[in-house]
Structures are given as C-alpha cells and as structure tokens.
Amino acid sequence: MSAALSLGAEQVTWRPAANPWLIAVTVSLAAFMEVLDTAIANVALPHIAGNLGASNDQSTWVLTSYLVANAIVLPITGWLVSLFGRKRFFITCMVIFTVSSLFCGIAPSLGFLLLFRVLQGAGGGGLQPMAQAILADTFPPEKRGLAFSVYGITAVCAPAIGPTLGGWLTDNFSWRWIFLINLPVGILAMALVFRLVQDPPYLARRSRGSIKLDYIGFSLLALGVGALQIMLDKGQEDDWFGSPFIIILAITACICLTALVIYEWFHKDPIVDVRLFKNPNFSTANIMMFMVGAGSFATTVLMPQFLQTLMGYTAQSAGMVLSVSAVLLLIELPLVGRLIGQFQSRYLIAFGWMALAIGMYVSTQQIDLLISFHSATLLRIGQYLPMGFIFVPATTAAYIGIREDKSNAVAGLVNFTRNIGSSVGTSVVTTMIIRRSQFHQAVLVKNTNLGNPRFRDEMNGLVQQLTHAGLSLHEAHRQAIARVYTAVQAQAGALAYIDTYWMLCIAAVIMFFLSFVLKKNDPRAKRGSVSAH
C-alpha cells in the first residue's frame, strides 16, 4: 500500500528536467513531419507515374500503401509502448520514418517506392500519438490545453500546407524532394528527443518481461484496418459496390473488425484497449475527432478541386487559398489553448461546430462559377478556422476520467479515429461530387433542347455571334453546342459542390448537439476529475 501511495505521489509531482515548451515544440516537429507526408504526395502523383513508368491508377498506391501501414500501427501504439518504452519507441519510429523517406526519394521503380512507403507509414504511425501522449504527461492539467494547441498545429495545419508545398517542390525541383526534405527535419527531431524527452515513472517502472504478442488480435487488426483503408481509398475509382474487389474488402473489414472488438474486449492483455470505449466521454470525444478528420480533409479536398476543375486555377494558386486559413489557424490555436483553461471543453467544442455549420451554410450561398480569389479565400477561412475550437478541446476531453497510465492507448485510438475519419470524409465528398454532378447534369439537359423556346432563342443568338466572328454556319452551330455542353457540365459541378457543403453543414449541426453529451469538467482540475453534474 505504501509503495503504491509513493508511486502515486511520484506521478503527481513528476516533471521533466527540460523546459516543457521546448519538449512540446520538439515532439510536435516530429508529428508535423509525419502529418505533412499524408498530404504532400497527392499533387506529385502524375509526376511520379511519368518518371517511374507507371499508370495514374498504379501511382495512387503511393498514397494507399502509406495510409494502410499508418492506420494499422496507430491503434496499437499503447501496446508497443508497454513493450519497448515510450522514448525508445518514439525514437525508433523516427529512425524508420526518416530512413524510409531517404529510400523513397531515391527509389528506382514504383515497386521499391511502394515498399518504402509502407515502411514510412509504419514508422510514422507512432509519431502522432506519442507526441500527444508525451504532452499529456509533460504538462499539468491547467496547461494541457495550451500544449495540445501546439500539437494541433501539426494535425490541422499540415494537411492544408502539404499540397501547396508538394506542388512547389515538384514544379521547381523534383517529386523526390517531397520525401528528401524529411531528412534534415528527422535528424534534428531525433537529436532533440534523445536529449530532452524522458519517460515518466509509471512507464519506467512497468515490467515488460511478461508482455506477449497478441497474434490473433494483431492479425484481425491488420486485415480489418488494411481492407477498410484500401476500400475507402479505391472505392470511387472502382465504382464502390459495383466492384467485386470492393465487396470483398468491405466483408473482410466488417468481419475482422467486429471479431477484433469482441476478442480484445475479453483478452487479458489486448493489443488494442477497446475497453476504453466503456467511458462515454472517451467514446464521444472519439466521435468528435472522427468528424474533425472527416471535415478538415473534406474541405481541404473540396475547395482546391473546385478551383482547379471548374475555375481553371493552377495547383499553386489553389494552394494559396488554403494557406491563408492555415496561417490564421496558427494564430488561433494558442488562443484556444488558453480558453480551455477558462471554459469547459464541451462549450468550446459546441461553439466550434456551430461556427463550422455557419461557414458551410455561407459556402452553399456563395459558391458559384464567378467566385473571386478573395471570396474563395474568405470562404475557406470560414470553413477551416472553427476546426481549432473543436480539435484542441476534443483532444483534451478524451483524457477526462482516464487513468494516466492509459495516456498512450488514448493517444493512439484518438489519432486512429481521426485518420480513419479523414479517409471516410475524403471518400464521401469525392463520391458525392461525382454522383451529384451526374444527377444535376441529367436535370439540366432536360431544359437544353430545341423544343424549349428560350433555349432555342439563346442558341440562335450564340450561333449568330459566332457567325459574325467569321465561322461558317456549320462550324458556328457545332461550337455553340459544345459551349452549351461545357456550361451545363460546369453548372452541374457547381451544384454538386453546393449539395456537398449542405451535407457538411447538417453534419456540423448534429455534432453541435452531440457536444453536450460530453461531461462537464473543471478546466483547472487534475486529469480524471469531472463535474458532479
């Protein structure tokens, strides 16, 4: 009993020897490097395909292979920390990530590049949750929200910066530099982590000799998560459930993940601590993080895709629209971190969701084919700034009522749900844009026939204009039809984007009400304490 009390007192008073803010910047630097790699390669795929002699469809496996390996490692980081120790595991992940980045940058063929991307994804899978867990143990409860705001810069801003940086590197240097830039950052981060980061007493005293590999749990996890991630990434490309390949993946994911939850629930030493979801607050916080991932990546895909496909923007110009909101978010996150020490997390989260719903509603009213660069930038700001009020408080709320020795497992699962959310969000909006465009095009085409007097008059006027411009009657008629068809496609596409923003608006409203399911918490209380009401 006295030993337990002594350990408990040591945990309460333990603080790292180094400056906590220096540790926060160090671990966030490592996490930023990893999150950036989930988005930076997107714009370089055509260049990779052309340089390595692969098709565009084959090149998309550069993204899928990374995401699959990353998603498999994320939920088992808590178990891996128990096996190796957190600092040792964190440094090992950085070594794997940095070395595999080098090999990605010099890969001679697509096959080798995919192999090294798998290794890179596996190494990167431990960086985000370990950075978050280190911050949770390094800072006292009253400063934890501000510390998570530093980490939030990596998770929320990196996806917005990634496409712009990737496009600039690819256009001005080579696609290989999107991987090679990880080398100096990785080496610096490893040196700083080795020098500054310490394992807290509860990790240093934990016995690792009795830990055994949960072969069944790991197999179910790898098969289930791998199948789910590939299904989400390749679904639209293969026409979803019109493809036998996607159906097989869906069945595999459903069976394996269901079996995983049941098996791990009753396992003595689970590789994934699914029993954490017995805590309603933790479950609700994970739903919030899932939607943060879905919303942030969905809007990151929507705006540049709209500007490039319908407005004719270059990749770099579209990226600039994203970058402004990312810079403003850098200013906002520390403010949110301070507010967490003053207000309950659920109120900040509710405010964030309501602000996001308003931003999406305004987008449905303002998106059109005449939108200016300035207006698109303002819309993007309205869609993205509210994420700061959701991400940091939801991350903090996930730890309410959870024991300190579960920090690593909490961080792994929270980041896992957010990453899966980002894949789901991207798949949903991509599919919706295509399907709704087809629907609206079919509706618009009904009104574009010569039996419609108004359309017939417009067509005759357009033909006359082209004839006056010097074209023959036949050529003028042909070009008029082509221009009308192009206009119909563009209008149908714009209407599809409006529908998608409506869907995101409704989802944000639902999340606003769900925010109040989170427990009341005293912002200045120690972790684990909640309000009596």
# chains A, B, ... in the order shown; residues from 1 in each chain; ligands from 1

$ closest_atom_pairs --of "segment 244-315 of chain A" --to "segment 383-390 of chain A" --cutoff "9 Å" --atoms "only C-alpha atoms" --output "JSON lines"
{"residue": "A:Met288", "atom": "CA", "partner": "A:Ile390", "partner_atom": "CA", "distance": 7.8}
{"residue": "A:Met289", "atom": "CA", "partner": "A:Ile390", "partner_atom": "CA", "distance": 8.3}
{"residue": "A:Val292", "atom": "CA", "partner": "A:Met387", "partner_atom": "CA", "distance": 6.9}
{"residue": "A:Gly295", "atom": "CA", "partner": "A:Met387", "partner_atom": "CA", "distance": 8.4}
{"residue": "A:Ser296", "atom": "CA", "partner": "A:Tyr384", "partner_atom": "CA", "distance": 6.9}
{"residue": "A:Thr299", "atom": "CA", "partner": "A:Gln383", "partner_atom": "CA", "distance": 7.1}
{"residue": "A:Thr300", "atom": "CA", "partner": "A:Tyr384", "partner_atom": "CA", "distance": 8.6}

$ residues_around --residues "Asp137 of chain A" --least-positions-apart "3" --cutoff "8 Å" --atoms "only C-alpha atoms" --output "short mmCIF file (atom, residue, chain, number, x, y, z; two decimals) with N, CA, C and O atoms, in the first residue's frame"
data_model
loop_
_atom_site.label_atom_id
_atom_site.label_comp_id
_atom_site.auth_asym_id
_atom_site.auth_seq_id
_atom_site.Cartn_x
_atom_site.Cartn_y
_atom_site.Cartn_z
N ALA A 133 0.77 11.89 -26.36
CA ALA A 133 0.89 11.28 -25.03
C ALA A 133 2.00 11.95 -24.22
O ALA A 133 1.86 12.15 -23.00
N ILE A 134 3.11 12.30 -24.87
CA ILE A 134 4.20 12.99 -24.17
C ILE A 134 3.73 14.34 -23.64
O ILE A 134 4.04 14.73 -22.51
N PRO A 140 1.03 20.05 -16.66
CA PRO A 140 -0.05 19.93 -15.67
C PRO A 140 -1.39 20.19 -16.33
O PRO A 140 -1.45 20.81 -17.40
N PRO A 200 8.01 9.06 -17.96
CA PRO A 200 7.57 9.28 -16.58
C PRO A 200 7.74 8.02 -15.74
O PRO A 200 7.91 6.92 -16.28
N GLU A 404 -3.85 7.96 -15.84
CA GLU A 404 -2.65 8.46 -16.51
C GLU A 404 -1.90 7.37 -17.25
O GLU A 404 -1.30 7.62 -18.30
N SER A 407 -2.48 6.92 -21.05
CA SER A 407 -2.24 8.04 -21.97
C SER A 407 -1.87 7.57 -23.37
O SER A 407 -2.36 8.10 -24.37
#

$ residues_around --residues "Pro270 of chain A" --least-positions-apart "5" --cutoff "8 Å" --atoms "only C-alpha atoms" --output "list in words"
Trp79, Asp214, Gly217, Glu264 and Trp265 of chain A

$ residues_around --residues "Ser323 of chain A" --least-positions-apart "6" --cutoff "9 Å" --atoms "only C-alpha atoms" --output "MDAnalysis selection string"
chainID A and resid 157 160:161 164 377

$ residues_around --residues "segment 27-33 of chain A" --least-positions-apart "4" --cutoff "7 Å" --atoms "only C-alpha atoms" --output "PyMOL selection string"
chain A and resi 23+37+127-128+131+150-151+154-155+158+182+186+189

$ write_last_selection --atoms "N, CA and C atoms" --output "CSV table (one decimal), in the first residue's frame"
chain,number,residue,atom,x,y,z
A,23,ILE,N,10.1,20.8,-25.1
A,23,ILE,CA,9.7,19.4,-25.4
A,23,ILE,C,8.4,19.4,-26.4
A,37,ASP,N,3.4,14.4,-44.6
A,37,ASP,CA,3.6,13.3,-45.6
A,37,ASP,C,2.3,12.6,-46.0
A,127,LEU,N,4.3,8.4,-34.5
A,127,LEU,CA,4.8,9.8,-34.2
A,127,LEU,C,3.6,10.6,-33.6
A,128,GLN,N,2.5,10.6,-34.2
A,128,GLN,CA,1.4,11.5,-33.7
A,128,GLN,C,0.9,11.1,-32.3
A,131,ALA,N,3.6,11.9,-29.6
A,131,ALA,CA,3.7,13.3,-29.4
A,131,ALA,C,2.6,13.8,-28.5
A,150,VAL,N,-0.3,23.5,-29.5
A,150,VAL,CA,0.9,23.4,-30.2
A,150,VAL,C,0.9,22.2,-31.1
A,151,TYR,N,0.4,21.1,-30.5
A,151,TYR,CA,0.3,19.8,-31.3
A,151,TYR,C,-0.7,20.0,-32.4
A,154,THR,N,0.3,20.8,-35.9
A,154,THR,CA,0.7,19.7,-36.8
A,154,THR,C,-0.4,19.0,-37.4
A,155,ALA,N,-1.5,18.7,-36.6
A,155,ALA,CA,-2.6,17.9,-37.1
A,155,ALA,C,-3.5,18.6,-38.0
A,158,ALA,N,-0.9,21.1,-41.1
A,158,ALA,CA,-0.1,20.3,-42.1
A,158,ALA,C,-0.9,19.8,-43.3
A,182,ASN,N,12.4,15.4,-45.6
A,182,ASN,CA,12.2,14.8,-44.2
A,182,ASN,C,13.5,14.6,-43.5
A,186,GLY,N,14.0,15.2,-39.7
A,186,GLY,CA,14.0,14.0,-38.9
A,186,GLY,C,15.3,13.8,-38.0
A,189,ALA,N,15.0,16.4,-35.2
A,189,ALA,CA,14.0,15.9,-34.2
A,189,ALA,C,14.5,14.8,-33.4

$ atom_distance --atom1 "atom CA of Met94 of chain A" --atom2 "atom CA of Leu36 of chain A"
14.2 Å

$ residues_around --residues "Leu67 of chain A" --least-positions-apart "3" --cutoff "12 Å" --atoms "only C-alpha atoms" --output "tab-separated table (two decimals) with N, CA and C atoms, in the first residue's frame"
chain	number	residue	atom	x	y	z
A	34	GLU	N	5.33	13.94	-40.05
A	34	GLU	CA	4.55	12.76	-40.45
A	34	GLU	C	3.21	13.16	-41.07
A	35	VAL	N	2.49	14.12	-40.44
A	35	VAL	CA	1.19	14.52	-40.96
A	35	VAL	C	1.34	15.16	-42.34
A	37	ASP	N	3.36	14.36	-44.58
A	37	ASP	CA	3.57	13.33	-45.60
A	37	ASP	C	2.28	12.64	-46.04
A	38	THR	N	1.21	12.79	-45.27
A	38	THR	CA	-0.07	12.21	-45.70
A	38	THR	C	-0.71	13.02	-46.81
A	39	ALA	N	-0.29	14.28	-46.97
A	39	ALA	CA	-0.94	15.15	-47.96
A	39	ALA	C	0.00	15.66	-49.03
A	41	ALA	N	2.18	14.25	-50.98
A	41	ALA	CA	2.43	13.46	-52.19
A	41	ALA	C	1.28	13.52	-53.19
A	60	THR	N	-1.53	5.83	-57.52
A	60	THR	CA	-2.31	6.14	-56.32
A	60	THR	C	-1.99	5.20	-55.16
A	61	TRP	N	-1.36	4.05	-55.46
A	61	TRP	CA	-0.95	3.16	-54.39
A	61	TRP	C	0.16	3.77	-53.54
A	62	VAL	N	0.80	4.83	-54.04
A	62	VAL	CA	1.78	5.55	-53.24
A	62	VAL	C	1.10	6.15	-52.00
A	63	LEU	N	-0.13	6.60	-52.17
A	63	LEU	CA	-0.90	7.12	-51.04
A	63	LEU	C	-1.50	6.00	-50.21
A	64	THR	N	-2.10	5.03	-50.90
A	64	THR	CA	-2.81	3.95	-50.19
A	64	THR	C	-1.87	3.13	-49.33
A	70	ASN	N	0.10	3.07	-41.86
A	70	ASN	CA	-0.09	4.05	-40.80
A	70	ASN	C	-1.29	3.71	-39.93
A	71	ALA	N	-2.39	3.33	-40.57
A	71	ALA	CA	-3.62	3.03	-39.84
A	71	ALA	C	-3.49	1.77	-38.98
A	72	ILE	N	-2.69	0.82	-39.42
A	72	ILE	CA	-2.51	-0.42	-38.64
A	72	ILE	C	-1.71	-0.16	-37.38
A	73	VAL	N	-0.70	0.71	-37.46
A	73	VAL	CA	0.17	0.96	-36.31
A	73	VAL	C	-0.51	1.86	-35.26
A	74	LEU	N	-1.31	2.83	-35.71
A	74	LEU	CA	-1.88	3.82	-34.79
A	74	LEU	C	-2.58	3.22	-33.56
A	114	LEU	N	6.74	1.78	-53.32
A	114	LEU	CA	5.62	1.30	-52.50
A	114	LEU	C	6.13	0.57	-51.26
A	117	ARG	N	7.29	3.16	-48.89
A	117	ARG	CA	6.16	3.92	-48.36
A	117	ARG	C	5.45	3.15	-47.25
A	118	VAL	N	5.39	1.82	-47.39
A	118	VAL	CA	4.82	1.00	-46.31
A	118	VAL	C	5.65	1.16	-45.04
A	119	LEU	N	6.96	1.09	-45.17
A	119	LEU	CA	7.84	1.27	-44.02
A	119	LEU	C	7.71	2.68	-43.44
A	120	GLN	N	7.61	3.65	-44.32
A	120	GLN	CA	7.46	5.03	-43.86
A	120	GLN	C	6.14	5.21	-43.10
A	121	GLY	N	5.07	4.62	-43.61
A	121	GLY	CA	3.78	4.70	-42.92
A	121	GLY	C	3.79	4.02	-41.58
A	122	ALA	N	4.48	2.86	-41.49
A	122	ALA	CA	4.57	2.14	-40.22
A	122	ALA	C	5.35	2.96	-39.20
A	123	GLY	N	6.47	3.55	-39.63
A	123	GLY	CA	7.24	4.39	-38.71
A	123	GLY	C	6.48	5.64	-38.32
A	124	GLY	N	5.81	6.25	-39.28
A	124	GLY	CA	5.06	7.46	-38.98
A	124	GLY	C	3.85	7.23	-38.10
A	125	GLY	N	3.33	6.00	-38.08
A	125	GLY	CA	2.14	5.71	-37.28
A	125	GLY	C	2.32	5.96	-35.80
A	225	VAL	N	-8.27	-3.36	-40.72
A	225	VAL	CA	-7.93	-1.96	-41.00
A	225	VAL	C	-7.36	-1.83	-42.41
A	226	GLY	N	-6.52	-2.77	-42.82
A	226	GLY	CA	-5.97	-2.73	-44.17
A	226	GLY	C	-7.06	-2.78	-45.23
A	227	ALA	N	-8.02	-3.70	-45.05
A	227	ALA	CA	-9.13	-3.82	-46.01
A	227	ALA	C	-9.98	-2.55	-46.01
A	228	LEU	N	-10.25	-2.01	-44.82
A	228	LEU	CA	-11.06	-0.79	-44.73
A	228	LEU	C	-10.38	0.39	-45.42
A	229	GLN	N	-9.09	0.56	-45.18
A	229	GLN	CA	-8.38	1.70	-45.75
A	229	GLN	C	-8.28	1.60	-47.27
A	230	ILE	N	-8.02	0.41	-47.77
A	230	ILE	CA	-7.96	0.22	-49.24
A	230	ILE	C	-9.33	0.44	-49.86
A	231	MET	N	-10.38	-0.04	-49.19
A	231	MET	CA	-11.74	0.15	-49.69
A	231	MET	C	-12.08	1.64	-49.79
A	232	LEU	N	-11.74	2.42	-48.75
A	232	LEU	CA	-12.04	3.84	-48.75
A	232	LEU	C	-11.24	4.58	-49.82
A	233	ASP	N	-10.01	4.16	-50.02
A	233	ASP	CA	-9.13	4.85	-50.96
A	233	ASP	C	-9.44	4.51	-52.41
A	416	PHE	N	-6.12	7.40	-34.35
A	416	PHE	CA	-6.63	6.40	-35.29
A	416	PHE	C	-8.01	6.79	-35.80
A	419	ASN	N	-7.73	9.73	-38.19
A	419	ASN	CA	-7.19	9.36	-39.50
A	419	ASN	C	-8.20	8.58	-40.34
A	420	ILE	N	-8.93	7.67	-39.70
A	420	ILE	CA	-9.99	6.96	-40.42
A	420	ILE	C	-11.06	7.94	-40.86
A	422	SER	N	-10.61	11.03	-41.68
A	422	SER	CA	-10.12	11.76	-42.84
A	422	SER	C	-10.29	10.94	-44.12
A	423	SER	N	-10.07	9.63	-44.03
A	423	SER	CA	-10.25	8.77	-45.20
A	423	SER	C	-11.72	8.68	-45.59

$ select_by_dssp --residues "segment 204-355 of chain A" --states "alpha helix (DSSP H)" --output "MDAnalysis selection string"
chainID A and resid 204 215:234 244:266 280:309 315:340 345:355

$ residues_around --residues "segment 492-502 of chain A" --least-positions-apart "5" --cutoff "7 Å" --atoms "only C-alpha atoms" --output "PDB file with N, CA, C and O atoms, in the first residue's frame"
ATOM      1  N   MET A 360     -20.229  26.528 -43.446  1.00  0.00           N
ATOM      2  CA  MET A 360     -20.687  25.670 -44.538  1.00  0.00           C
ATOM      3  C   MET A 360     -21.950  26.217 -45.184  1.00  0.00           C
ATOM      4  O   MET A 360     -22.129  26.147 -46.405  1.00  0.00           O
ATOM      5  N   TYR A 361     -22.846  26.782 -44.363  1.00  0.00           N
ATOM      6  CA  TYR A 361     -24.075  27.368 -44.917  1.00  0.00           C
ATOM      7  C   TYR A 361     -23.747  28.541 -45.829  1.00  0.00           C
ATOM      8  O   TYR A 361     -24.307  28.668 -46.942  1.00  0.00           O
ATOM      9  N   SER A 363     -21.083  28.939 -47.453  1.00  0.00           N
ATOM     10  CA  SER A 363     -20.482  28.372 -48.662  1.00  0.00           C
ATOM     11  C   SER A 363     -21.544  27.944 -49.662  1.00  0.00           C
ATOM     12  O   SER A 363     -21.367  28.105 -50.881  1.00  0.00           O
ATOM     13  N   THR A 364     -22.651  27.398 -49.171  1.00  0.00           N
ATOM     14  CA  THR A 364     -23.724  26.981 -50.081  1.00  0.00           C
ATOM     15  C   THR A 364     -24.343  28.179 -50.800  1.00  0.00           C
ATOM     16  O   THR A 364     -24.885  28.035 -51.897  1.00  0.00           O
ATOM     17  N   ILE A 367     -20.834  29.901 -53.230  1.00  0.00           N
ATOM     18  CA  ILE A 367     -20.094  29.151 -54.245  1.00  0.00           C
ATOM     19  C   ILE A 367     -20.786  29.280 -55.604  1.00  0.00           C
ATOM     20  O   ILE A 367     -21.969  28.973 -55.741  1.00  0.00           O
ATOM     21  N   ASP A 368     -20.064  29.775 -56.598  1.00  0.00           N
ATOM     22  CA  ASP A 368     -20.564  29.801 -57.974  1.00  0.00           C
ATOM     23  C   ASP A 368     -19.373  29.911 -58.918  1.00  0.00           C
ATOM     24  O   ASP A 368     -18.227  29.992 -58.486  1.00  0.00           O
ATOM     25  N   LEU A 369     -19.649  29.929 -60.193  1.00  0.00           N
ATOM     26  CA  LEU A 369     -18.584  29.904 -61.195  1.00  0.00           C
ATOM     27  C   LEU A 369     -17.974  31.285 -61.450  1.00  0.00           C
ATOM     28  O   LEU A 369     -17.098  31.416 -62.306  1.00  0.00           O
ATOM     29  N   VAL A 429     -16.975  12.815 -49.861  1.00  0.00           N
ATOM     30  CA  VAL A 429     -17.159  14.033 -50.666  1.00  0.00           C
ATOM     31  C   VAL A 429     -16.751  13.806 -52.115  1.00  0.00           C
ATOM     32  O   VAL A 429     -17.381  14.350 -53.029  1.00  0.00           O
ATOM     33  N   MET A 432     -19.619  11.957 -53.635  1.00  0.00           N
ATOM     34  CA  MET A 432     -20.815  12.808 -53.729  1.00  0.00           C
ATOM     35  C   MET A 432     -20.684  13.812 -54.862  1.00  0.00           C
ATOM     36  O   MET A 432     -21.662  14.081 -55.586  1.00  0.00           O
ATOM     37  N   ILE A 433     -19.491  14.375 -55.055  1.00  0.00           N
ATOM     38  CA  ILE A 433     -19.287  15.335 -56.143  1.00  0.00           C
ATOM     39  C   ILE A 433     -19.585  14.678 -57.488  1.00  0.00           C
ATOM     40  O   ILE A 433     -20.293  15.235 -58.340  1.00  0.00           O
ATOM     41  N   ARG A 436     -23.551  13.570 -57.623  1.00  0.00           N
ATOM     42  CA  ARG A 436     -24.465  14.708 -57.709  1.00  0.00           C
ATOM     43  C   ARG A 436     -24.260  15.493 -59.008  1.00  0.00           C
ATOM     44  O   ARG A 436     -25.208  16.079 -59.539  1.00  0.00           O
ATOM     45  N   SER A 437     -23.034  15.509 -59.524  1.00  0.00           N
ATOM     46  CA  SER A 437     -22.791  16.153 -60.825  1.00  0.00           C
ATOM     47  C   SER A 437     -23.569  15.438 -61.918  1.00  0.00           C
ATOM     48  O   SER A 437     -24.175  16.086 -62.792  1.00  0.00           O
ATOM     49  N   HIS A 440     -27.343  16.371 -61.459  1.00  0.00           N
ATOM     50  CA  HIS A 440     -27.686  17.727 -61.904  1.00  0.00           C
ATOM     51  C   HIS A 440     -27.521  17.885 -63.411  1.00  0.00           C
ATOM     52  O   HIS A 440     -28.285  18.626 -64.041  1.00  0.00           O
ATOM     53  N   GLN A 441     -26.559  17.205 -63.993  1.00  0.00           N
ATOM     54  CA  GLN A 441     -26.393  17.281 -65.437  1.00  0.00           C
ATOM     55  C   GLN A 441     -27.612  16.696 -66.148  1.00  0.00           C
ATOM     56  O   GLN A 441     -28.095  17.257 -67.139  1.00  0.00           O
TER      57      GLN A 441
END
